[in-house]
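See below for query-v2.cif, which holds mmCIF, C-alpha atoms.
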data_query
loop_
_atom_site.group_PDB
_atom_site.id
_atom_site.type_symbol
_atom_site.label_atom_id
_atom_site.label_comp_id
_atom_site.auth_asym_id
_atom_site.auth_seq_id
_atom_site.Cartn_x
_atom_site.Cartn_y
_atom_site.Cartn_z
ATOM 1 C CA MET E 27 -10.305 5.695 12.221
ATOM 2 C CA THR E 28 -10.723 9.392 12.544
ATOM 3 C CA SER E 29 -13.755 11.321 11.490
ATOM 4 C CA SER E 30 -13.626 14.653 9.771
ATOM 5 C CA ASN E 31 -15.727 15.764 12.732
ATOM 6 C CA GLU E 32 -12.462 16.121 14.646
ATOM 7 C CA GLU E 33 -11.675 19.028 12.351
ATOM 8 C CA GLU E 34 -14.903 20.755 13.368
ATOM 9 C CA PRO E 35 -16.398 21.036 9.905
ATOM 10 C CA SER E 36 -18.766 23.871 9.166
ATOM 11 C CA SER E 37 -21.793 21.614 8.831
ATOM 12 C CA GLN E 38 -22.815 18.334 10.384
ATOM 13 C CA THR E 39 -24.204 15.777 7.959
ATOM 14 C CA ALA E 40 -24.155 12.004 8.055
ATOM 15 C CA PRO E 41 -21.034 10.762 6.289
ATOM 16 C CA ARG E 42 -21.688 9.505 2.769
ATOM 17 C CA ALA E 43 -18.257 8.189 1.883
ATOM 18 C CA ILE E 44 -14.898 7.168 3.299
ATOM 19 C CA VAL E 45 -11.620 8.760 2.200
ATOM 20 C CA ALA E 46 -8.698 6.430 2.863
ATOM 21 C CA GLY E 47 -5.038 6.509 1.939
ATOM 22 C CA HIS E 48 -1.484 7.306 2.886
ATOM 23 C CA GLY E 49 -0.196 9.458 5.728
ATOM 24 C CA THR E 50 -2.193 12.604 6.420
ATOM 25 C CA LEU E 51 -3.401 12.999 2.846
ATOM 26 C CA PRO E 52 -6.988 11.817 3.523
ATOM 27 C CA GLN E 53 -7.371 14.204 6.460
ATOM 28 C CA GLY E 54 -5.809 17.008 4.452
ATOM 29 C CA LEU E 55 -8.101 16.473 1.494
ATOM 30 C CA VAL E 56 -11.203 16.416 3.659
ATOM 31 C CA ASN E 57 -10.027 19.447 5.591
ATOM 32 C CA ALA E 58 -9.690 21.293 2.282
ATOM 33 C CA VAL E 59 -13.183 20.153 1.254
ATOM 34 C CA ASP E 60 -14.510 21.615 4.478
ATOM 35 C CA CYS E 61 -12.650 24.883 4.021
ATOM 36 C CA ILE E 62 -14.074 25.300 0.533
ATOM 37 C CA SER E 63 -17.556 23.888 0.888
ATOM 38 C CA GLY E 64 -18.328 23.380 4.553
ATOM 39 C CA ARG E 65 -19.134 19.781 3.666
ATOM 40 C CA GLY E 66 -16.195 17.980 5.240
ATOM 41 C CA SER E 67 -18.513 15.964 7.422
ATOM 42 C CA ASP E 68 -19.736 14.149 4.297
ATOM 43 C CA PHE E 69 -16.606 12.035 4.709
ATOM 44 C CA LEU E 70 -15.017 9.728 7.214
ATOM 45 C CA VAL E 71 -11.229 9.660 7.083
ATOM 46 C CA LEU E 72 -8.847 6.758 7.463
ATOM 47 C CA SER E 73 -5.072 6.708 7.189
ATOM 48 C CA ASN E 74 -3.278 3.419 6.600
ATOM 49 C CA TRP E 75 -0.346 4.614 8.669
ATOM 50 C CA GLY E 76 1.052 1.978 11.008
ATOM 51 C CA LEU E 77 -1.478 -0.676 10.080
ATOM 52 C CA ALA E 78 -1.099 -4.104 8.525
ATOM 53 C CA GLY E 79 -3.267 -4.820 5.511
ATOM 54 C CA SER E 80 -5.790 -6.879 7.474
ATOM 55 C CA ASP E 81 -6.127 -4.117 10.078
ATOM 56 C CA ILE E 82 -6.777 -1.507 7.405
ATOM 57 C CA GLU E 83 -9.542 -3.654 5.979
ATOM 58 C CA GLU E 84 -11.069 -4.216 9.412
ATOM 59 C CA LYS E 85 -11.108 -0.493 10.202
ATOM 60 C CA ILE E 86 -12.644 0.452 6.881
ATOM 61 C CA ARG E 87 -15.163 -2.374 7.072
ATOM 62 C CA ASN E 88 -16.258 -1.433 10.594
ATOM 63 C CA ALA E 89 -16.619 2.246 9.788
ATOM 64 C CA ALA E 90 -18.569 1.512 6.617
ATOM 65 C CA ALA E 91 -20.915 -0.816 8.474
ATOM 66 C CA GLU E 92 -21.547 1.721 11.216
ATOM 67 C CA TYR E 93 -22.699 4.395 8.772
ATOM 68 C CA GLY E 94 -23.958 2.230 5.921
ATOM 69 C CA ILE E 95 -21.344 3.686 3.580
ATOM 70 C CA LYS E 96 -20.897 2.168 0.119
ATOM 71 C CA VAL E 97 -18.639 4.774 -1.520
ATOM 72 C CA PHE E 98 -14.879 4.886 -0.995
ATOM 73 C CA PHE E 99 -12.234 7.283 -2.257
ATOM 74 C CA THR E 100 -8.579 6.216 -2.115
ATOM 75 C CA ASP E 101 -5.300 7.649 -3.383
ATOM 76 C CA LEU E 102 -3.045 5.112 -5.098
ATOM 77 C CA PRO E 103 -4.580 2.330 -7.222
ATOM 78 C CA GLY E 104 -2.066 -0.109 -5.735
ATOM 79 C CA GLY E 105 -2.150 1.234 -2.188
ATOM 80 C CA SER E 106 -3.079 -0.840 0.823
ATOM 81 C CA ALA E 107 -6.333 1.059 1.417
ATOM 82 C CA THR E 108 -7.362 0.362 -2.166
ATOM 83 C CA VAL E 109 -6.521 -3.309 -1.774
ATOM 84 C CA ALA E 110 -8.612 -3.414 1.408
ATOM 85 C CA VAL E 111 -11.662 -1.918 -0.306
ATOM 86 C CA ARG E 112 -11.271 -4.247 -3.268
ATOM 87 C CA ARG E 113 -11.421 -7.165 -0.842
ATOM 88 C CA MET E 114 -14.680 -5.785 0.525
ATOM 89 C CA MET E 115 -16.058 -5.484 -2.997
ATOM 90 C CA ARG E 116 -15.737 -9.217 -3.402
ATOM 91 C CA SER E 117 -18.615 -9.767 -0.990
ATOM 92 C CA ASP E 118 -20.479 -6.510 -1.561
ATOM 93 C CA PRO E 119 -21.101 -5.593 -5.207
ATOM 94 C CA ALA E 120 -22.909 -2.424 -4.130
ATOM 95 C CA ILE E 121 -19.593 -0.797 -3.207
ATOM 96 C CA THR E 122 -18.206 1.942 -5.446
ATOM 97 C CA LEU E 123 -14.473 2.632 -5.300
ATOM 98 C CA VAL E 124 -12.763 5.686 -6.778
ATOM 99 C CA THR E 125 -8.957 5.520 -6.849
ATOM 100 C CA GLY E 126 -6.646 8.440 -7.518
ATOM 101 C CA ALA E 127 -9.070 10.784 -5.774
ATOM 102 C CA ASN E 128 -8.120 14.449 -5.662
ATOM 103 C CA LEU E 129 -9.656 17.552 -4.109
ATOM 104 C CA SER E 130 -11.757 18.319 -7.156
ATOM 105 C CA THR E 131 -13.180 14.805 -7.082
ATOM 106 C CA LEU E 132 -14.285 15.128 -3.478
ATOM 107 C CA LEU E 133 -15.764 18.567 -4.037
ATOM 108 C CA GLU E 134 -17.777 17.319 -6.993
ATOM 109 C CA PHE E 135 -19.068 14.445 -4.891
ATOM 110 C CA VAL E 136 -20.379 16.529 -2.016
ATOM 111 C CA PHE E 137 -22.459 18.657 -4.369
ATOM 112 C CA GLN E 138 -24.099 15.705 -6.071
ATOM 113 C CA PRO E 139 -27.548 14.505 -4.954
ATOM 114 C CA GLU E 140 -27.420 12.125 -2.034
ATOM 115 C CA GLU E 141 -29.991 9.678 -3.364
ATOM 116 C CA ASN E 142 -27.556 7.782 -5.537
ATOM 117 C CA PRO E 143 -24.051 7.937 -4.053
ATOM 118 C CA ALA E 144 -22.621 5.456 -6.558
ATOM 119 C CA GLU E 145 -23.727 7.628 -9.471
ATOM 120 C CA ALA E 146 -22.407 10.691 -7.661
ATOM 121 C CA ALA E 147 -19.034 8.996 -7.192
ATOM 122 C CA ARG E 148 -18.804 8.036 -10.861
ATOM 123 C CA TYR E 149 -19.624 11.582 -11.928
ATOM 124 C CA ALA E 150 -17.140 13.022 -9.437
ATOM 125 C CA ALA E 151 -14.405 10.709 -10.716
ATOM 126 C CA GLU E 152 -14.931 11.918 -14.271
ATOM 127 C CA ARG E 153 -14.895 15.550 -13.223
ATOM 128 C CA GLY E 154 -11.861 15.069 -10.995
ATOM 129 C CA ARG E 155 -9.952 13.358 -13.795
ATOM 130 C CA GLY E 156 -10.633 16.334 -16.018
ATOM 131 C CA THR E 157 -8.931 18.721 -13.626
ATOM 132 C CA LEU E 158 -5.577 16.944 -13.913
ATOM 133 C CA VAL E 159 -3.814 19.055 -16.535
ATOM 134 C CA ALA E 160 -0.170 19.867 -17.204
ATOM 135 C CA SER E 161 0.267 23.429 -18.443
ATOM 136 C CA GLY E 162 3.194 25.467 -19.711
ATOM 137 C CA GLU E 163 5.402 25.512 -22.758
ATOM 138 C CA GLY E 164 7.293 22.365 -21.800
ATOM 139 C CA ALA E 165 4.100 20.504 -21.052
ATOM 140 C CA GLU E 166 3.061 20.721 -24.701
ATOM 141 C CA LYS E 167 5.829 18.299 -25.691
ATOM 142 C CA PRO E 168 4.970 14.592 -25.753
ATOM 143 C CA ALA E 169 5.347 12.930 -22.359
ATOM 144 C CA PRO E 170 8.647 11.055 -22.006
ATOM 145 C CA SER E 171 8.559 7.283 -22.229
ATOM 146 C CA LYS E 172 9.531 5.041 -19.323
ATOM 147 C CA ASP E 173 13.127 4.823 -20.536
ATOM 148 C CA GLY E 174 13.392 8.607 -20.703
ATOM 149 C CA ARG E 175 13.381 9.025 -24.496
ATOM 150 C CA MET R 26 21.773 -9.114 -10.625
ATOM 151 C CA SER R 27 18.179 -8.632 -11.672
ATOM 152 C CA VAL R 28 16.631 -8.922 -8.230
ATOM 153 C CA ALA R 29 17.273 -5.521 -6.711
ATOM 154 C CA LEU R 30 15.443 -6.115 -3.437
ATOM 155 C CA TYR R 31 14.317 -9.005 -1.266
ATOM 156 C CA ARG R 32 11.675 -7.558 1.042
ATOM 157 C CA ILE R 33 9.559 -8.728 3.965
ATOM 158 C CA ASP R 34 6.338 -6.727 3.981
ATOM 159 C CA ASP R 35 3.007 -7.795 5.461
ATOM 160 C CA ARG R 36 1.143 -5.434 3.128
ATOM 161 C CA LEU R 37 2.700 -7.316 0.217
ATOM 162 C CA ILE R 38 2.331 -5.212 -2.945
ATOM 163 C CA HIS R 39 1.321 -1.660 -2.062
ATOM 164 C CA GLY R 40 2.350 1.961 -2.517
ATOM 165 C CA GLN R 41 5.821 1.722 -0.998
ATOM 166 C CA VAL R 42 6.673 -1.278 -3.151
ATOM 167 C CA VAL R 43 5.104 -0.217 -6.442
ATOM 168 C CA VAL R 44 5.964 3.485 -6.278
ATOM 169 C CA GLY R 45 8.430 4.067 -3.432
ATOM 170 C CA TRP R 46 10.895 1.391 -4.540
ATOM 171 C CA GLY R 47 9.502 0.560 -7.950
ATOM 172 C CA GLN R 48 10.034 3.965 -9.527
ATOM 173 C CA PRO R 49 13.610 4.772 -8.458
ATOM 174 C CA LEU R 50 14.808 1.224 -9.067
ATOM 175 C CA ASN R 51 13.020 1.060 -12.439
ATOM 176 C CA ILE R 52 11.395 -2.207 -11.466
ATOM 177 C CA GLY R 53 9.971 -4.348 -14.266
ATOM 178 C CA PHE R 54 8.676 -7.254 -12.226
ATOM 179 C CA VAL R 55 7.638 -8.152 -8.684
ATOM 180 C CA VAL R 56 7.667 -11.717 -7.409
ATOM 181 C CA LEU R 57 5.116 -12.184 -4.646
ATOM 182 C CA VAL R 58 6.130 -15.283 -2.710
ATOM 183 C CA ASP R 59 3.125 -16.186 -0.618
ATOM 184 C CA ASP R 60 1.672 -19.679 -0.330
ATOM 185 C CA ASN R 61 -1.836 -18.314 0.276
ATOM 186 C CA VAL R 62 -1.885 -15.905 -2.660
ATOM 187 C CA ALA R 63 -0.197 -18.384 -5.009
ATOM 188 C CA CYS R 64 -3.179 -20.730 -4.812
ATOM 189 C CA CYS R 65 -5.927 -18.128 -5.146
ATOM 190 C CA ASP R 66 -6.751 -16.574 -8.523
ATOM 191 C CA TRP R 67 -8.946 -13.925 -6.956
ATOM 192 C CA GLU R 68 -6.172 -12.761 -4.624
ATOM 193 C CA GLN R 69 -3.833 -12.534 -7.592
ATOM 194 C CA ASP R 70 -6.309 -10.420 -9.540
ATOM 195 C CA LEU R 71 -6.516 -8.106 -6.555
ATOM 196 C CA TYR R 72 -2.806 -7.337 -6.672
ATOM 197 C CA ARG R 73 -2.624 -7.159 -10.466
ATOM 198 C CA MET R 74 -5.152 -4.339 -10.453
ATOM 199 C CA GLY R 75 -2.825 -2.096 -8.463
ATOM 200 C CA VAL R 76 0.325 -2.104 -10.551
ATOM 201 C CA PRO R 77 1.154 -0.133 -13.689
ATOM 202 C CA PRO R 78 0.945 -2.021 -16.985
ATOM 203 C CA GLU R 79 4.706 -2.034 -17.482
ATOM 204 C CA MET R 80 5.215 -3.942 -14.235
ATOM 205 C CA GLU R 81 4.685 -7.712 -14.208
ATOM 206 C CA ILE R 82 3.634 -9.554 -11.073
ATOM 207 C CA ILE R 83 4.728 -13.156 -10.674
ATOM 208 C CA PHE R 84 2.959 -15.228 -8.019
ATOM 209 C CA ALA R 85 4.746 -18.166 -6.454
ATOM 210 C CA ASP R 86 4.670 -20.401 -3.440
ATOM 211 C CA VAL R 87 8.019 -21.030 -1.781
ATOM 212 C CA PRO R 88 8.953 -24.217 -3.683
ATOM 213 C CA THR R 89 8.120 -22.546 -7.002
ATOM 214 C CA ALA R 90 10.106 -19.437 -6.090
ATOM 215 C CA VAL R 91 13.091 -21.578 -5.133
ATOM 216 C CA ARG R 92 12.813 -23.481 -8.413
ATOM 217 C CA ASP R 93 12.471 -20.314 -10.519
ATOM 218 C CA HIS R 94 14.875 -18.064 -8.617
ATOM 219 C CA ASP R 95 17.628 -18.482 -11.178
ATOM 220 C CA ARG R 96 15.211 -17.245 -13.836
ATOM 221 C CA TYR R 97 14.384 -14.158 -11.767
ATOM 222 C CA VAL R 98 18.074 -13.379 -11.373
ATOM 223 C CA LYS R 99 18.755 -13.760 -15.102
ATOM 224 C CA ASP R 100 15.781 -11.643 -16.154
ATOM 225 C CA SER R 101 16.803 -8.619 -18.226
ATOM 226 C CA ARG R 102 14.513 -6.437 -16.111
ATOM 227 C CA ARG R 103 15.082 -5.484 -12.474
ATOM 228 C CA GLY R 104 12.807 -7.089 -9.930
ATOM 229 C CA ILE R 105 11.654 -7.135 -6.324
ATOM 230 C CA VAL R 106 10.916 -10.313 -4.393
ATOM 231 C CA VAL R 107 8.372 -9.818 -1.599
ATOM 232 C CA THR R 108 7.371 -12.201 1.169
ATOM 233 C CA PRO R 109 4.647 -11.555 3.756
ATOM 234 C CA ASP R 110 6.638 -12.672 6.802
ATOM 235 C CA THR R 111 9.973 -13.725 8.208
ATOM 236 C CA SER R 112 9.172 -17.420 7.997
ATOM 237 C CA THR R 113 8.512 -17.339 4.270
ATOM 238 C CA MET R 114 11.707 -15.363 3.646
ATOM 239 C CA ARG R 115 13.750 -17.781 5.741
ATOM 240 C CA ARG R 116 12.364 -20.738 3.767
ATOM 241 C CA LEU R 117 13.142 -18.948 0.522
ATOM 242 C CA VAL R 118 16.702 -18.121 1.569
ATOM 243 C CA ALA R 119 17.259 -21.671 2.786
ATOM 244 C CA GLY R 120 16.044 -23.043 -0.546
ATOM 245 C CA VAL R 121 17.923 -20.631 -2.764
ATOM 246 C CA GLY R 122 21.076 -20.324 -0.704
ATOM 247 C CA SER R 123 22.430 -17.267 -2.497
ATOM 248 C CA ILE R 124 20.419 -14.292 -1.281
ATOM 249 C CA PRO R 125 22.865 -11.712 0.041
ATOM 250 C CA GLU R 126 20.561 -9.158 1.638
ATOM 251 C CA VAL R 127 17.035 -8.980 3.034
ATOM 252 C CA ASN R 128 15.063 -5.792 3.604
ATOM 253 C CA VAL R 129 12.519 -5.707 6.428
ATOM 254 C CA GLY R 130 10.061 -3.215 4.999
ATOM 255 C CA GLY R 131 6.967 -3.549 7.132
ATOM 256 C CA ILE R 132 5.793 -5.881 9.876
ATOM 257 C CA HIS R 133 3.004 -4.176 11.741
ATOM 258 C CA HIS R 134 1.510 -4.380 15.201
ATOM 259 C CA ARG R 135 0.091 -7.647 16.469
ATOM 260 C CA ILE R 136 -0.501 -8.948 19.980
ATOM 261 C CA GLY R 137 2.730 -10.551 21.127
ATOM 262 C CA ARG R 138 4.953 -8.370 18.974
ATOM 263 C CA THR R 139 7.325 -5.682 20.275
ATOM 264 C CA GLN R 140 7.933 -2.510 18.314
ATOM 265 C CA ARG R 141 11.518 -2.356 17.103
ATOM 266 C CA VAL R 142 11.420 0.496 14.627
ATOM 267 C CA ARG R 143 8.483 2.620 13.567
ATOM 268 C CA TYR R 144 7.270 0.145 10.953
ATOM 269 C CA VAL R 145 8.620 -3.120 12.378
ATOM 270 C CA PHE R 146 7.053 -5.055 15.235
ATOM 271 C CA LEU R 147 8.529 -8.466 16.015
ATOM 272 C CA ALA R 148 7.482 -11.487 18.043
ATOM 273 C CA PRO R 149 10.239 -13.591 19.610
ATOM 274 C CA ASP R 150 9.954 -16.282 16.939
ATOM 275 C CA GLU R 151 10.269 -13.632 14.222
ATOM 276 C CA GLU R 152 13.389 -12.259 15.878
ATOM 277 C CA HIS R 153 14.792 -15.768 15.855
ATOM 278 C CA GLU R 154 13.958 -16.106 12.161
ATOM 279 C CA LEU R 155 15.805 -12.892 11.323
ATOM 280 C CA THR R 156 18.746 -13.915 13.459
ATOM 281 C CA ALA R 157 18.802 -17.252 11.651
ATOM 282 C CA LEU R 158 18.923 -15.391 8.339
ATOM 283 C CA ALA R 159 21.911 -13.386 9.557
ATOM 284 C CA GLU R 160 23.630 -16.570 10.682
ATOM 285 C CA MET R 161 23.153 -17.879 7.140
ATOM 286 C CA GLY R 162 25.260 -14.956 5.924
ATOM 287 C CA VAL R 163 22.418 -12.678 4.895
ATOM 288 C CA LYS R 164 22.663 -8.955 5.612
ATOM 289 C CA VAL R 165 19.353 -8.094 7.307
ATOM 290 C CA THR R 166 18.287 -4.467 7.613
ATOM 291 C CA ALA R 167 15.090 -2.528 8.179
ATOM 292 C CA GLN R 168 14.260 0.216 5.699
ATOM 293 C CA ASP R 169 10.757 1.209 4.629
ATOM 294 C CA VAL R 170 11.587 3.552 1.731
ATOM 295 C CA PRO R 171 14.738 4.069 -0.352
ATOM 296 C CA ASN R 172 15.864 7.335 1.208
ATOM 297 C CA ALA R 173 15.437 6.119 4.786
ATOM 298 C CA ARG R 174 18.390 4.957 6.857
ATOM 299 C CA GLN R 175 19.107 1.237 6.810
ATOM 300 C CA VAL R 176 18.763 -0.092 10.355
ATOM 301 C CA PRO R 177 21.085 -3.079 10.907
ATOM 302 C CA LEU R 178 19.593 -6.185 12.504
ATOM 303 C CA ALA R 179 21.532 -5.857 15.744
ATOM 304 C CA GLU R 180 20.292 -2.308 16.175
ATOM 305 C CA MET R 181 16.773 -3.299 15.158
ATOM 306 C CA LEU R 182 16.561 -5.973 17.828
ATOM 307 C CA THR R 183 17.643 -3.611 20.583
ATOM 308 C CA SER R 184 16.250 -0.286 19.497
ATOM 309 C CA LYS R 185 13.351 1.685 20.823
ATOM 310 C CA PRO R 186 11.259 3.350 18.117
ATOM 311 C CA SER R 187 10.868 7.026 17.552
ATOM 312 C CA GLU R 188 8.213 8.798 15.527
ATOM 313 C CA GLU R 189 10.058 10.009 12.453
ATOM 314 C CA ARG R 190 7.353 10.515 9.891
ATOM 315 C CA THR R 191 3.665 9.939 9.449
ATOM 316 C CA ALA R 192 3.767 8.531 5.900
#
What's the structure tokens form of this structure?
Amino acid sequence: MTSSNEEEPSSQTAPRAIVAGHGTLPQGLVNAVDCISGRGSDFLVLSNWGLAGSDIEEKIRNAAAEYGIKVFFTDLPGGSATVAVRRMMRSDPAITLVTGANLSTLLEFVFQPEENPAEAARYAAERGRGTLVASGEGAEKPAPSKDGR
Amino acid sequence: MSVALYRIDDRLIHGQVVVGWGQPLNIGFVVLVDDNVACCDWEQDLYRMGVPPEMEIIFADVPTAVRDHDRYVKDSRRGIVVTPDTSTMRRLVAGVGSIPEVNVGGIHHRIGRTQRVRYVFLAPDEEHELTALAEMGVKVTAQDVPNARQVPLAEMLTSKPSEERTA
């Protein structure tokens, strides 16, 4: 587990959520949040690199318990970090999980009121989804099907 | 042959399987051979949530997978068969008898294991299991993602890891 504090964010606030996923993406996303908003310390960061599934869950669970965190952002819906958080949700219905998180999602989250992090996460997910747009002349054609037609 | 990959991976169904291999191989189904998951509806739901709708997940314990293997092979779609460990794969190969190649995709750090490649750590009994697979005529290689180099078993069992990538 690495904290965004290692990146010396502009402000120091108690972390409100965990960003977990593949490779250096979580750290990169949170670093970008800090560059833009100075709110990188709202997040703890965890990469699944080099860890078995049970170890990922243990690391996320321990970090969440230490800070009382109930909100989690992950990258792939089928990724091992997502699977780990879903396991935690089985015993803790207060957890909110946002998969497919992008930079816009995280930025929306940090500017939402802190009183209700689950509501903030849901709002951020909606806003982040809205920023995913394909533009350009070719993008106006219907998306190809799985078999390429 | 409809089964494009037989993989040992302790993360089971995750990003490398669903996206890394699933996309380029145009995978239509994944068979998760795991005695613990096969008997637990909740565990199965967990893995179903992470795959795209066009990809089917089939859950099986080893005897069921052995029984149904011919059906997997004759499926019109391409598939991946995943086991969580070397022991399960060895039992599957012994039961089926016609699996030509096994991919070691991820066995991570545990006490008692030695790192062999970046994403493969093996205990002595696991090395014996893989060697037994090779002695059964199976080509055993380590390879985490499709564009990575296949590491042959003999090299895997003697190699010292190097940090190649942080994915």
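Between atom CA of Ser130 of chain E and atom CA of Arg116 of chain E the interatomic distance comes to 28.1 Å.
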Legend entry - Residues in the PyMOL selection byres ((chain R and resi 137) around 6), expressed as a PyMOL selection string: chain R and resi 136+138+148
Inset, instruction - Using the chain letters and residue numbers of this document, give as number ranges by chain the residues selected by the PyMOL selection byres ((chain E) within 10 of (chain R)). - result: E: 47-51, 73-82, 101-110, 112-113, 116, 125, 172-173
Put those residues in a file: C-alpha atoms, as a short mmCIF file (atom, residue, chain, number, x, y, z; two decimals), in the coordinates of the input.
data_model
loop_
_atom_site.label_atom_id
_atom_site.label_comp_id
_atom_site.auth_asym_id
_atom_site.auth_seq_id
_atom_site.Cartn_x
_atom_site.Cartn_y
_atom_site.Cartn_z
CA GLY E 47 -5.04 6.51 1.94
CA HIS E 48 -1.48 7.31 2.89
CA GLY E 49 -0.20 9.46 5.73
CA THR E 50 -2.19 12.60 6.42
CA LEU E 51 -3.40 13.00 2.85
CA SER E 73 -5.07 6.71 7.19
CA ASN E 74 -3.28 3.42 6.60
CA TRP E 75 -0.35 4.61 8.67
CA GLY E 76 1.05 1.98 11.01
CA LEU E 77 -1.48 -0.68 10.08
CA ALA E 78 -1.10 -4.10 8.52
CA GLY E 79 -3.27 -4.82 5.51
CA SER E 80 -5.79 -6.88 7.47
CA ASP E 81 -6.13 -4.12 10.08
CA ILE E 82 -6.78 -1.51 7.40
CA ASP E 101 -5.30 7.65 -3.38
CA LEU E 102 -3.04 5.11 -5.10
CA PRO E 103 -4.58 2.33 -7.22
CA GLY E 104 -2.07 -0.11 -5.74
CA GLY E 105 -2.15 1.23 -2.19
CA SER E 106 -3.08 -0.84 0.82
CA ALA E 107 -6.33 1.06 1.42
CA THR E 108 -7.36 0.36 -2.17
CA VAL E 109 -6.52 -3.31 -1.77
CA ALA E 110 -8.61 -3.41 1.41
CA ARG E 112 -11.27 -4.25 -3.27
CA ARG E 113 -11.42 -7.16 -0.84
CA ARG E 116 -15.74 -9.22 -3.40
CA THR E 125 -8.96 5.52 -6.85
CA LYS E 172 9.53 5.04 -19.32
CA ASP E 173 13.13 4.82 -20.54
#
Please return the centre and edge lengths, in Å to one decimal, of a box with edges along x, y and z that contains all listed atoms of segment 173-182 of chain R, widened by 8 Å on every side, as AutoDock Vina command-line options.
--center_x 18.5 --center_y 0.0 --center_z 11.3 --size_x 22.1 --size_y 28.3 --size_z 29.0
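When atom CA of Ala150 of chain E is paired with atom CA of Leu55 of chain E, their separation reads 14.6 Å.
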Inset, instruction - Report as JSON, numbers by chain the residues that result from applying the PyMOL selection byres ((chain E and resi 54) around 12) to the structure here. - result: {"E": [30, 33, 45, 46, 47, 48, 49, 50, 51, 52, 53, 55, 56, 57, 58, 59, 60, 61, 66, 69, 71, 72, 73, 128, 129, 132]}
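A straight line drawn from atom CA of Asp118 of chain E to atom CA of Glu140 of chain E is 19.9 Å long.
In this comparison, which uses all atoms listed in the file, the residue of R:Asp100, R:Asp95, R:Glu152, R:Asp110 approaching Gly122 of chain R most closely is R:Asp95.
The closest residue to Phe98 of chain E, picked from E:Pro139, E:Pro41, E:Gly154, E:Pro168 and counting all atoms listed in the file, is E:Pro41.
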